[in-house]
$ cat data.tsv   # TSV, C-alpha atoms
chain	number	residue	atom	x	y	z
A	16	MET	CA	-3.01	-28.96	-21.97
A	17	LEU	CA	-2.55	-26.99	-18.75
A	18	THR	CA	0.44	-25.17	-20.23
A	19	GLN	CA	-1.54	-24.29	-23.35
A	20	THR	CA	-4.44	-23.05	-21.22
A	21	ARG	CA	-2.16	-20.85	-19.14
A	22	ARG	CA	-0.50	-19.48	-22.27
A	23	ARG	CA	-3.92	-18.70	-23.73
A	24	ALA	CA	-4.91	-17.05	-20.45
A	25	LEU	CA	-1.72	-15.02	-20.45
A	26	GLY	CA	-2.51	-13.90	-23.98
A	27	LEU	CA	-5.97	-12.78	-22.90
A	28	LEU	CA	-4.49	-10.99	-19.93
A	29	ILE	CA	-1.90	-9.16	-22.03
A	30	ALA	CA	-4.63	-8.17	-24.45
A	31	ALA	CA	-6.77	-6.85	-21.61
A	32	ILE	CA	-3.90	-4.80	-20.20
A	33	ALA	CA	-2.91	-3.52	-23.62
A	34	GLY	CA	-6.50	-2.57	-24.34
A	35	ALA	CA	-6.74	-0.79	-21.02
A	36	ARG	CA	-3.79	1.40	-21.97
A	37	THR	CA	-5.80	2.79	-24.88
A	38	ILE	CA	-8.43	4.06	-22.46
A	39	THR	CA	-8.01	7.36	-20.66
A	40	THR	CA	-6.93	6.36	-17.18
A	41	PHE	CA	-9.05	7.59	-14.34
A	42	PRO	CA	-6.56	9.98	-12.70
A	43	HIS	CA	-6.85	12.14	-15.84
A	44	ALA	CA	-10.62	12.17	-15.38
A	45	MET	CA	-10.17	13.91	-12.04
A	46	ALA	CA	-10.85	17.64	-11.87
A	47	GLN	CA	-7.52	19.28	-12.66
A	48	ASP	CA	-8.11	22.57	-10.89
A	49	GLU	CA	-9.25	21.20	-7.55
A	50	GLU	CA	-7.32	22.23	-4.45
A	51	PRO	CA	-6.68	19.77	-1.63
A	52	ALA	CA	-8.70	20.06	1.54
A	53	GLU	CA	-7.45	22.18	4.43
A	54	THR	CA	-4.79	20.33	6.42
A	55	ASN	CA	-2.95	23.21	8.12
A	56	GLY	CA	-0.75	23.62	5.08
A	57	GLU	CA	0.12	19.95	4.88
A	58	GLU	CA	-1.23	17.68	2.19
A	59	PRO	CA	-2.55	14.37	3.50
A	60	SER	CA	-0.94	11.22	2.33
A	61	GLY	CA	-0.56	7.75	3.70
A	62	GLU	CA	-2.03	4.41	4.47
A	63	GLU	CA	-4.34	3.19	7.21
A	64	LEU	CA	-2.58	0.54	9.21
A	65	PRO	CA	-4.64	-2.61	9.78
A	66	PRO	CA	-5.56	-3.36	13.39
A	67	THR	CA	-2.65	-5.09	15.09
A	68	GLY	CA	-3.78	-8.42	16.49
A	69	ALA	CA	-7.38	-7.75	15.49
A	70	GLU	CA	-7.40	-8.15	11.72
A	71	SER	CA	-10.80	-9.79	11.70
A	72	SER	CA	-12.43	-6.84	13.48
A	73	LEU	CA	-12.70	-3.96	11.06
A	74	PRO	CA	-12.55	-0.43	12.50
A	75	ASP	CA	-15.43	1.95	11.94
A	76	CYS	CA	-13.77	5.37	12.28
A	77	PHE	CA	-10.73	6.73	10.44
A	78	ASP	CA	-8.74	9.93	10.18
A	79	THR	CA	-5.43	10.95	8.65
A	80	LYS	CA	-3.25	14.06	8.84
A	81	GLY	CA	-0.08	15.01	7.02
A	82	PHE	CA	3.09	15.96	8.85
A	83	GLY	CA	5.54	16.82	6.13
A	84	PRO	CA	6.46	13.55	4.38
A	85	TRP	CA	4.80	11.49	7.14
A	86	THR	CA	1.11	10.77	7.57
A	87	GLY	CA	-0.47	10.10	10.91
A	88	GLN	CA	-3.30	7.56	10.75
A	89	ALA	CA	-5.83	6.82	13.39
A	90	SER	CA	-8.84	4.58	13.67
A	91	ASP	CA	-11.00	3.81	16.66
A	92	VAL	CA	-8.78	0.79	17.42
A	93	THR	CA	-5.27	1.63	16.21
A	94	ALA	CA	-2.77	4.40	15.58
A	95	GLY	CA	0.34	4.65	13.45
A	96	VAL	CA	2.26	6.60	10.85
A	97	VAL	CA	3.41	5.93	7.31
A	98	ARG	CA	5.73	7.41	4.76
A	99	ASN	CA	5.50	6.28	1.14
A	100	ASP	CA	7.79	6.29	-1.87
A	101	VAL	CA	11.06	7.29	-0.19
A	102	HIS	CA	13.75	7.59	-2.85
A	103	ALA	CA	17.36	6.67	-2.19
A	104	LEU	CA	19.67	9.58	-1.40
A	105	ASP	CA	21.39	8.80	-4.70
A	106	PRO	CA	18.60	7.80	-7.11
A	107	GLU	CA	21.11	7.13	-9.88
A	108	ALA	CA	22.87	4.54	-7.74
A	109	CYS	CA	19.69	2.88	-6.48
A	110	THR	CA	16.18	2.87	-7.92
A	111	VAL	CA	14.56	0.89	-5.09
A	112	LEU	CA	11.63	2.74	-3.51
A	113	LEU	CA	11.15	2.40	0.24
A	114	SER	CA	7.97	2.88	2.26
A	115	ILE	CA	7.74	2.56	6.02
A	116	GLU	CA	4.94	2.20	8.54
A	117	VAL	CA	5.39	2.55	12.30
A	118	SER	CA	2.86	1.38	14.88
A	119	SER	CA	2.00	3.01	18.19
A	120	GLU	CA	4.41	0.54	19.87
A	121	LEU	CA	7.21	1.73	17.54
A	122	ASP	CA	7.26	-1.58	15.73
A	123	ALA	CA	8.19	-0.77	12.15
A	124	ARG	CA	7.95	-2.44	8.78
A	125	ILE	CA	9.44	-1.35	5.48
A	126	PHE	CA	8.26	-2.13	1.97
A	127	LEU	CA	10.77	-2.24	-0.87
A	128	GLU	CA	9.82	-2.00	-4.53
A	129	GLY	CA	12.40	-2.53	-7.24
A	130	SER	CA	12.31	-0.81	-10.58
A	131	GLU	CA	11.44	-2.76	-13.69
A	132	SER	CA	14.12	-0.83	-15.60
A	133	GLY	CA	16.58	-0.46	-12.73
A	134	THR	CA	17.34	-2.27	-9.49
A	135	ALA	CA	15.64	-5.67	-9.36
A	136	LEU	CA	14.61	-7.50	-6.20
A	137	PRO	CA	14.29	-11.17	-7.09
A	138	GLU	CA	14.02	-13.55	-4.16
A	139	THR	CA	17.47	-14.94	-4.89
A	140	VAL	CA	18.95	-11.49	-4.22
A	141	LEU	CA	16.77	-10.75	-1.20
A	142	ARG	CA	17.66	-14.02	0.51
A	143	HIS	CA	21.30	-14.03	-0.49
A	144	PRO	CA	23.53	-14.19	2.62
A	145	ASP	CA	25.49	-11.15	1.43
A	146	SER	CA	22.38	-8.94	1.25
A	147	ARG	CA	22.22	-6.84	4.41
A	148	LEU	CA	19.89	-4.37	6.14
A	149	ILE	CA	21.75	-1.72	8.15
A	150	ALA	CA	20.23	0.94	10.44
A	151	LYS	CA	22.27	3.90	11.67
A	152	GLY	CA	21.67	6.81	14.02
A	153	PRO	CA	22.33	10.45	13.10
A	154	ASP	CA	25.90	10.10	14.40
A	155	GLY	CA	26.56	7.21	12.04
A	156	ALA	CA	26.60	4.60	14.79
A	157	VAL	CA	25.28	1.25	13.56
A	158	ALA	CA	22.23	0.10	15.53
A	159	ALA	CA	21.51	-2.98	13.43
A	160	ASN	CA	23.28	-4.96	10.73
A	161	VAL	CA	21.26	-8.04	9.86
A	162	PRO	CA	20.46	-10.25	6.86
A	163	LEU	CA	18.14	-8.33	4.58
A	164	CYS	CA	15.49	-11.02	4.59
A	165	GLY	CA	15.96	-12.18	8.15
A	166	ASN	CA	12.46	-10.83	8.83
A	167	CYS	CA	10.83	-10.87	5.41
A	168	THR	CA	7.09	-11.35	5.79
A	169	ASP	CA	6.19	-11.26	2.12
A	170	ILE	CA	7.95	-11.47	-1.22
A	171	TYR	CA	5.87	-10.90	-4.34
A	172	ASP	CA	7.66	-10.44	-7.65
A	173	ASN	CA	9.72	-7.24	-7.33
A	174	THR	CA	8.40	-6.19	-3.91
A	175	VAL	CA	9.11	-7.29	-0.36
A	176	SER	CA	7.86	-6.50	3.14
A	177	ILE	CA	10.45	-6.55	5.93
A	178	VAL	CA	9.96	-6.19	9.68
A	179	LEU	CA	12.69	-3.94	11.07
A	180	PRO	CA	14.78	-5.39	13.92
A	181	LEU	CA	13.88	-4.30	17.44
A	182	ALA	CA	17.20	-2.47	17.68
A	183	THR	CA	15.71	0.29	15.51
A	184	ALA	CA	13.02	1.15	18.11
A	185	PRO	CA	15.37	3.38	20.20
A	186	LEU	CA	16.23	5.36	17.06
A	187	LEU	CA	12.55	5.87	16.27
A	188	ARG	CA	11.82	6.77	19.88
A	189	GLU	CA	14.73	9.10	20.69
A	190	LYS	CA	16.77	10.24	17.69
A	191	ASP	CA	16.09	13.04	15.23
A	192	SER	CA	16.78	10.84	12.23
A	193	MET	CA	17.62	7.33	11.12
A	194	GLU	CA	19.49	6.09	8.08
A	195	ILE	CA	18.57	2.80	6.43
A	196	VAL	CA	21.15	1.17	4.19
A	197	LEU	CA	20.47	-1.72	1.85
A	198	HIS	CA	23.41	-3.75	0.63
A	199	LEU	CA	22.23	-5.98	-2.19
A	200	ALA	CA	24.27	-9.01	-3.18
A	201	ASP	CA	26.33	-8.54	-6.35
A	202	SER	CA	25.52	-4.81	-6.46
A	203	PRO	CA	28.52	-2.44	-6.36
A	204	LYS	CA	26.48	0.39	-4.81
A	205	GLU	CA	24.34	0.53	-1.69
A	206	CYS	CA	20.91	2.10	-1.24
A	207	HIS	CA	20.85	4.84	1.41
A	208	TYR	CA	17.65	6.37	2.85
A	209	LYS	CA	17.25	9.03	5.53
A	210	LEU	CA	14.11	9.19	7.69
A	211	ASP	CA	13.07	12.16	9.85
A	212	CYS	CA	12.19	10.54	13.18
A	213	ALA	CA	11.37	13.82	14.97
A	214	THR	CA	8.54	14.60	12.54
A	215	MET	CA	7.46	10.96	12.65
A	216	ARG	CA	6.93	11.23	16.42
A	217	LYS	CA	4.77	14.35	16.01
A	218	ALA	CA	2.56	12.43	13.58
A	219	LEU	CA	2.42	9.47	15.96
A	220	ASP	CA	1.48	11.66	18.94
A	221	TRP	CA	-1.40	13.08	16.90
A	222	ALA	CA	-2.51	9.59	15.84
A	223	LEU	CA	-2.53	8.31	19.41
A	224	ALA	CA	-4.66	11.23	20.63
A	225	ARG	CA	-6.96	10.98	17.63
A	226	ARG	CA	-7.44	7.23	18.18
A	227	ASP	CA	-8.93	7.91	21.61
A	228	GLU	CA	-11.20	10.61	20.18
A	229	LEU	CA	-12.41	8.27	17.45
A	230	ALA	CA	-13.13	5.54	19.98
A	231	THR	CA	-15.43	7.99	21.76
A	232	GLU	CA	-17.08	8.94	18.46
A	233	ARG	CA	-17.63	5.26	17.73
A	234	ASP	CA	-19.24	4.70	21.12
A	235	ASN	CA	-21.51	7.67	20.45
A	236	GLN	CA	-22.38	6.25	17.02
A	237	LYS	CA	-20.95	9.25	15.19
A	238	CYS	CA	-18.85	7.25	12.71
A	239	ALA	CA	-19.90	6.01	9.32
A	240	SER	CA	-19.87	2.24	8.97
A	241	THR	CA	-17.43	0.59	6.57
A	242	GLU	CA	-20.32	-1.36	5.09
A	243	GLY	CA	-21.33	-0.21	1.65
A	244	CYS	CA	-20.38	-0.23	-1.99
A	245	PHE	CA	-16.89	-1.43	-2.83
A	246	ILE	CA	-14.63	-0.64	-5.74
A	247	THR	CA	-14.84	-3.84	-7.76
A	248	THR	CA	-18.59	-4.11	-7.34
A	249	ALA	CA	-19.06	-0.46	-8.30
A	250	CYS	CA	-16.89	-0.89	-11.40
A	251	CYS	CA	-18.74	-4.00	-12.53
A	252	GLU	CA	-22.11	-2.36	-11.98
A	253	ILE	CA	-21.14	0.67	-14.06
A	254	VAL	CA	-20.34	-1.54	-17.07
A	255	GLY	CA	-23.60	-3.44	-16.68
A	256	LEU	CA	-22.40	-6.61	-14.94
A	257	GLY	CA	-24.32	-8.38	-12.19
A	258	ASP	CA	-23.21	-9.52	-8.76
A	259	ASP	CA	-22.52	-13.04	-10.05
A	260	CYS	CA	-20.36	-11.94	-13.00
A	261	PHE	CA	-17.08	-13.66	-13.81
A	262	GLU	CA	-14.98	-10.78	-12.50
A	263	LEU	CA	-16.55	-10.67	-9.03
A	264	ARG	CA	-16.62	-14.46	-8.69
A	265	ALA	CA	-12.95	-14.73	-9.65
A	266	LEU	CA	-11.85	-11.95	-7.32
A	267	ARG	CA	-13.92	-13.24	-4.39
A	268	ARG	CA	-12.45	-16.70	-4.86
A	269	TYR	CA	-8.97	-15.17	-4.95
A	270	ARG	CA	-9.71	-13.20	-1.78
A	271	ASP	CA	-11.05	-16.19	0.18
A	272	GLU	CA	-8.85	-19.01	-1.11
A	273	VAL	CA	-5.55	-17.30	-1.92
A	274	LEU	CA	-5.11	-13.87	-0.37
A	275	ALA	CA	-6.64	-14.80	3.00
A	276	ASN	CA	-4.20	-17.70	3.33
A	277	ARG	CA	-0.95	-15.90	2.48
A	278	PRO	CA	1.18	-14.03	5.04
A	279	GLY	CA	-0.33	-10.61	5.68
A	280	GLY	CA	-3.36	-11.48	3.57
A	281	ALA	CA	-5.91	-10.85	6.32
A	282	ALA	CA	-4.39	-7.41	6.86
A	283	GLU	CA	-4.67	-6.63	3.14
A	284	ILE	CA	-8.32	-7.65	3.16
A	285	ALA	CA	-8.97	-5.47	6.21
A	286	ARG	CA	-7.15	-2.60	4.49
A	287	TYR	CA	-9.36	-2.93	1.42
A	288	TYR	CA	-12.60	-3.02	3.37
A	289	ALA	CA	-11.48	-0.03	5.41
A	290	PHE	CA	-10.42	2.12	2.46
A	291	ALA	CA	-12.74	1.21	-0.40
A	292	PRO	CA	-15.81	3.18	0.75
A	293	ARG	CA	-13.74	6.31	1.40
A	294	LEU	CA	-11.92	6.11	-1.91
A	295	LEU	CA	-15.19	5.69	-3.78
A	296	ALA	CA	-16.68	8.67	-1.96
A	297	ARG	CA	-13.68	10.85	-2.83
A	298	LEU	CA	-13.74	9.64	-6.42
A	299	GLY	CA	-17.38	10.64	-6.70
A	300	ALA	CA	-16.64	14.06	-5.24
A	301	ASN	CA	-13.46	14.82	-7.19
A	302	ALA	CA	-13.88	13.17	-10.59
A	303	ALA	CA	-15.06	15.26	-13.50
A	304	ASP	CA	-16.93	12.16	-14.73
A	305	PRO	CA	-17.23	9.50	-11.98
A	306	GLU	CA	-18.79	6.91	-14.33
A	307	ALA	CA	-15.94	7.29	-16.84
A	308	ALA	CA	-13.46	6.98	-13.98
A	309	LEU	CA	-15.04	3.70	-12.81
A	310	ARG	CA	-15.07	2.31	-16.35
A	311	SER	CA	-11.37	3.11	-16.62
A	312	ILE	CA	-10.64	1.38	-13.30
A	313	TYR	CA	-12.54	-1.66	-14.54
A	314	ALA	CA	-10.50	-1.83	-17.76
A	315	CYS	CA	-7.12	-1.05	-16.21
A	316	TYR	CA	-7.32	-3.13	-13.03
A	317	VAL	CA	-10.49	-5.10	-12.29
A	318	LEU	CA	-10.71	-7.15	-15.50
A	319	PRO	CA	-6.95	-7.88	-15.74
A	320	ALA	CA	-6.84	-8.84	-12.04
A	321	ALA	CA	-9.84	-11.14	-12.44
A	322	LEU	CA	-8.23	-12.88	-15.43
A	323	ALA	CA	-4.97	-13.23	-13.53
A	324	ALA	CA	-6.75	-14.67	-10.50
A	325	ARG	CA	-8.85	-17.05	-12.58
A	326	PHE	CA	-5.87	-18.63	-14.30
A	327	GLY	CA	-3.54	-18.81	-11.33
A	328	PHE	CA	-1.30	-15.79	-11.88
A	329	ASP	CA	-1.62	-14.94	-8.19
A	330	ALA	CA	1.37	-12.61	-7.96
A	331	LEU	CA	0.11	-10.55	-10.89
A	332	ALA	CA	-3.41	-10.39	-9.45
A	333	PHE	CA	-2.03	-9.08	-6.16
A	334	ARG	CA	0.17	-6.52	-7.90
A	335	LEU	CA	-2.77	-5.22	-9.94
A	336	TYR	CA	-4.90	-4.98	-6.80
A	337	ARG	CA	-2.23	-2.95	-4.99
A	338	ARG	CA	-1.71	-0.70	-8.01
A	339	MET	CA	-5.44	-0.05	-8.18
A	340	LEU	CA	-5.64	1.08	-4.56
A	341	THR	CA	-2.47	3.15	-4.83
A	342	ALA	CA	-3.58	4.86	-8.05
A	343	MET	CA	-7.04	5.57	-6.65
A	344	SER	CA	-5.67	6.96	-3.40
A	345	ARG	CA	-3.26	9.25	-5.24
A	346	ALA	CA	-6.05	10.50	-7.47
A	347	ALA	CA	-8.20	11.11	-4.40
A	348	ARG	CA	-5.36	13.07	-2.73
A	349	THR	CA	-4.59	10.44	-0.15
A	350	ARG	CA	-2.11	7.59	-0.29
A	351	ILE	CA	-2.23	3.90	0.51
$ encode --input "data.tsv" --output "C-alpha cells"
Amino acid sequence: MLTQTRRRALGLLIAAIAGARTITTFPHAMAQDEEPAETNGEEPSGEELPPTGAESSLPDCFDTKGFGPWTGQASDVTAGVVRNDVHALDPEACTVLLSIEVSSELDARIFLEGSESGTALPETVLRHPDSRLIAKGPDGAVAANVPLCGNCTDIYDNTVSIVLPLATAPLLREKDSMEIVLHLADSPKECHYKLDCATMRKALDWALARRDELATERDNQKCASTEGCFITTACCEIVGLGDDCFELRALRRYRDEVLANRPGGAAEIARYYAFAPRLLARLGANAADPEAALRSIYACYVLPAALAARFGFDALAFRLYRRMLTAMSRAARTRI
C-alpha cells in the first residue's frame, strides 16, 4: 500500500512538473531591457552567508557588492564572500560546477553540483577512498591532499557541501590564487578549478567594513526588518489559496520536521528568511507582470515541492527549494 501511494504521489509530482514546463517561466516575465543597478561597473552576484554560530538570530541589515567573479556580502552580524558556478578549467573533461563561500575568519566551504548528463556525484563516488580533494598554491605546491568527503557536511542527490581543510587558509590569506583539484574514483580525468584569491580578499575587506557600518545602521533603526511577505505565501495568495492551504502546510511541516533537523538545515532556513523579502521586492520592481511571475513560481516550484514534501521525497523537495531561490535571485540580478 505504501509503495503504491508513493508511486501515485510520484506520478502526481511528475505531472505537476511537466505541467509547469508548459507555463512561461518567470525569468522570461522579467523586463528584458532593464539595466542592472550601479555597482561601479561590477554586476552584483552572490549569496548571503548565514550567521556563523548564531543561526537562530536573523540579521536585519544586508548589503552585497560585486568584485569581478566574487561577491562580498555583509549583514549587521556577519561578513563573507561567495563565488558561484565556477566551471572546471576543462569543461569537456569535467562538468561538475563548484561554488565557494569564505567567511571573515577565512573558513571556506565548497559546493559541488554534478551534471545530470555528465559527471555524476553519487554518494558512493564521493565517499570512495580513492576520491580526493587537492588544494595547490600558484606555484603548484600541494597544500592539502585529503579524502574528498573527509569533511562533507551534506550530500543530497547530485550535490555535496564540503568544508575545506584548514591548510587552505594560508592560500586564501596570502596567495594570489588557489587551484582546487577533484579526483573522482573511477574517473580517468580530474576536475581542475582556479580561484582568484587576491580579488577575493578585496571583496572580504569591503564586507568586513560594511558589516560594521550595517551594525551602526541597525542600532540607529535604519534597516528594514526581515519580517514580511515570503515567497511561498505570496505565490499561494496570488493563485487564491489561503494560509492553511495544502501547499503551505506541507512546506511548513517540511521546514520544521525535516529541514530544521538535517545538517545545515537551520542555516538554510535563516538564508530563506533573510533573502525572501528582498527577492520579492526585486521581483515586483523588475518583472513586467509580477502576478504572472508569481503564478509561474507557484507552478514550477511551490506546488511540486509541496507534493514532494508531503509524500516523503525530501531530497527532491530540497532541490526544488534551492532551484527556486537560485532562479529568482538570477532573475532579480543577484545570486544565491
$ closest_residue --input "data.tsv" --among "A:Ser311, A:Gln236, A:Thr139, A:Asn276" --to "Asp91 (chain A)" --atoms "only C-alpha atoms"
A:Gln236
$ atom_distance --input "data.tsv" --atom1 "CA of Ala218 (chain A)" --atom2 "CA of Phe82 (chain A)"
5.9 Å
$ residues_around --input "data.tsv" --residues "Asp329 (chain A)" --least-positions-apart "5" --cutoff "12 Å" --atoms "all atoms listed in the file" --output "list in words"
Tyr171, Asp172, Ala265, Leu266, Arg268, Tyr269, Arg270, Glu272, Val273, Leu274, Arg277, Pro319, Ala320, Ala321, Leu322, Ala323, Ala324, Arg334, Leu335 and Tyr336 of chain A
$ closest_residue --input "data.tsv" --among "A:Leu309, A:Leu340, A:Ala222, A:Cys109" --to "Lys80 (chain A)" --atoms "only C-alpha atoms"
A:Ala222
$ residues_around --input "data.tsv" --residues "region 248-262 of chain A" --least-positions-apart "2" --cutoff "12 Å" --atoms "all atoms listed in the file" --output "ChimeraX atom specification"
/A:41,243-246,264-269,291-292,294-296,298-299,305-325,332,339
$ write_last_selection --input "data.tsv" --atoms "C-alpha atoms" --output "mmCIF file, keeping the file's coordinate frame"
data_model
loop_
_atom_site.group_PDB
_atom_site.id
_atom_site.type_symbol
_atom_site.label_atom_id
_atom_site.label_comp_id
_atom_site.auth_asym_id
_atom_site.auth_seq_id
_atom_site.Cartn_x
_atom_site.Cartn_y
_atom_site.Cartn_z
ATOM 1 C CA PHE A 41 -9.050 7.590 -14.340
ATOM 2 C CA GLY A 243 -21.330 -0.210 1.650
ATOM 3 C CA CYS A 244 -20.380 -0.230 -1.990
ATOM 4 C CA PHE A 245 -16.890 -1.430 -2.830
ATOM 5 C CA ILE A 246 -14.630 -0.640 -5.740
ATOM 6 C CA ARG A 264 -16.620 -14.460 -8.690
ATOM 7 C CA ALA A 265 -12.950 -14.730 -9.650
ATOM 8 C CA LEU A 266 -11.850 -11.950 -7.320
ATOM 9 C CA ARG A 267 -13.920 -13.240 -4.390
ATOM 10 C CA ARG A 268 -12.450 -16.700 -4.860
ATOM 11 C CA TYR A 269 -8.970 -15.170 -4.950
ATOM 12 C CA ALA A 291 -12.740 1.210 -0.400
ATOM 13 C CA PRO A 292 -15.810 3.180 0.750
ATOM 14 C CA LEU A 294 -11.920 6.110 -1.910
ATOM 15 C CA LEU A 295 -15.190 5.690 -3.780
ATOM 16 C CA ALA A 296 -16.680 8.670 -1.960
ATOM 17 C CA LEU A 298 -13.740 9.640 -6.420
ATOM 18 C CA GLY A 299 -17.380 10.640 -6.700
ATOM 19 C CA PRO A 305 -17.230 9.500 -11.980
ATOM 20 C CA GLU A 306 -18.790 6.910 -14.330
ATOM 21 C CA ALA A 307 -15.940 7.290 -16.840
ATOM 22 C CA ALA A 308 -13.460 6.980 -13.980
ATOM 23 C CA LEU A 309 -15.040 3.700 -12.810
ATOM 24 C CA ARG A 310 -15.070 2.310 -16.350
ATOM 25 C CA SER A 311 -11.370 3.110 -16.620
ATOM 26 C CA ILE A 312 -10.640 1.380 -13.300
ATOM 27 C CA TYR A 313 -12.540 -1.660 -14.540
ATOM 28 C CA ALA A 314 -10.500 -1.830 -17.760
ATOM 29 C CA CYS A 315 -7.120 -1.050 -16.210
ATOM 30 C CA TYR A 316 -7.320 -3.130 -13.030
ATOM 31 C CA VAL A 317 -10.490 -5.100 -12.290
ATOM 32 C CA LEU A 318 -10.710 -7.150 -15.500
ATOM 33 C CA PRO A 319 -6.950 -7.880 -15.740
ATOM 34 C CA ALA A 320 -6.840 -8.840 -12.040
ATOM 35 C CA ALA A 321 -9.840 -11.140 -12.440
ATOM 36 C CA LEU A 322 -8.230 -12.880 -15.430
ATOM 37 C CA ALA A 323 -4.970 -13.230 -13.530
ATOM 38 C CA ALA A 324 -6.750 -14.670 -10.500
ATOM 39 C CA ARG A 325 -8.850 -17.050 -12.580
ATOM 40 C CA ALA A 332 -3.410 -10.390 -9.450
ATOM 41 C CA MET A 339 -5.440 -0.050 -8.180
#
$ closest_residue --input "data.tsv" --among "A:Asn160, A:Ser118, A:Thr174, A:Thr86" --to "Leu141 (chain A)" --atoms "all atoms listed in the file"
A:Thr174
$ residues_around --input "data.tsv" --residues "region 180-196 of chain A" --least-positions-apart "2" --cutoff "7 Å" --atoms "only C-alpha atoms" --output "PyMOL selection string"
chain A and resi 121-122+148-153+158-159+178+198+205-213
$ build_atoms --input "data.tsv" --residues "region 221-232 of chain A" --atoms "N, CA and C atoms" --output "PDB file, in the coordinates of the input"
ATOM      1  N   TRP A 221      -0.066  12.685  17.369  1.00  0.00           N
ATOM      2  CA  TRP A 221      -1.400  13.080  16.900  1.00  0.00           C
ATOM      3  C   TRP A 221      -2.282  11.844  16.721  1.00  0.00           C
ATOM      4  N   ALA A 222      -1.720  10.798  16.106  1.00  0.00           N
ATOM      5  CA  ALA A 222      -2.510   9.590  15.840  1.00  0.00           C
ATOM      6  C   ALA A 222      -2.987   8.944  17.127  1.00  0.00           C
ATOM      7  N   LEU A 223      -2.141   8.922  18.144  1.00  0.00           N
ATOM      8  CA  LEU A 223      -2.530   8.310  19.410  1.00  0.00           C
ATOM      9  C   LEU A 223      -3.680   9.080  20.062  1.00  0.00           C
ATOM     10  N   ALA A 224      -3.583  10.425  20.054  1.00  0.00           N
ATOM     11  CA  ALA A 224      -4.660  11.230  20.630  1.00  0.00           C
ATOM     12  C   ALA A 224      -5.937  11.094  19.819  1.00  0.00           C
ATOM     13  N   ARG A 225      -5.784  11.063  18.502  1.00  0.00           N
ATOM     14  CA  ARG A 225      -6.960  10.980  17.630  1.00  0.00           C
ATOM     15  C   ARG A 225      -7.638   9.622  17.763  1.00  0.00           C
ATOM     16  N   ARG A 226      -6.851   8.559  17.994  1.00  0.00           N
ATOM     17  CA  ARG A 226      -7.440   7.230  18.180  1.00  0.00           C
ATOM     18  C   ARG A 226      -8.418   7.239  19.354  1.00  0.00           C
ATOM     19  N   ASP A 227      -8.039   7.869  20.447  1.00  0.00           N
ATOM     20  CA  ASP A 227      -8.930   7.910  21.610  1.00  0.00           C
ATOM     21  C   ASP A 227     -10.193   8.715  21.311  1.00  0.00           C
ATOM     22  N   GLU A 228     -10.028   9.805  20.557  1.00  0.00           N
ATOM     23  CA  GLU A 228     -11.200  10.610  20.180  1.00  0.00           C
ATOM     24  C   GLU A 228     -12.141   9.803  19.285  1.00  0.00           C
ATOM     25  N   LEU A 229     -11.572   9.059  18.354  1.00  0.00           N
ATOM     26  CA  LEU A 229     -12.410   8.270  17.450  1.00  0.00           C
ATOM     27  C   LEU A 229     -13.113   7.133  18.178  1.00  0.00           C
ATOM     28  N   ALA A 230     -12.472   6.578  19.192  1.00  0.00           N
ATOM     29  CA  ALA A 230     -13.130   5.540  19.980  1.00  0.00           C
ATOM     30  C   ALA A 230     -14.373   6.100  20.664  1.00  0.00           C
ATOM     31  N   THR A 231     -14.263   7.341  21.148  1.00  0.00           N
ATOM     32  CA  THR A 231     -15.430   7.990  21.760  1.00  0.00           C
ATOM     33  C   THR A 231     -16.508   8.246  20.722  1.00  0.00           C
ATOM     34  N   GLU A 232     -16.105   8.702  19.534  1.00  0.00           N
ATOM     35  CA  GLU A 232     -17.080   8.940  18.460  1.00  0.00           C
ATOM     36  C   GLU A 232     -17.779   7.633  18.075  1.00  0.00           C
TER      37      GLU A 232
END
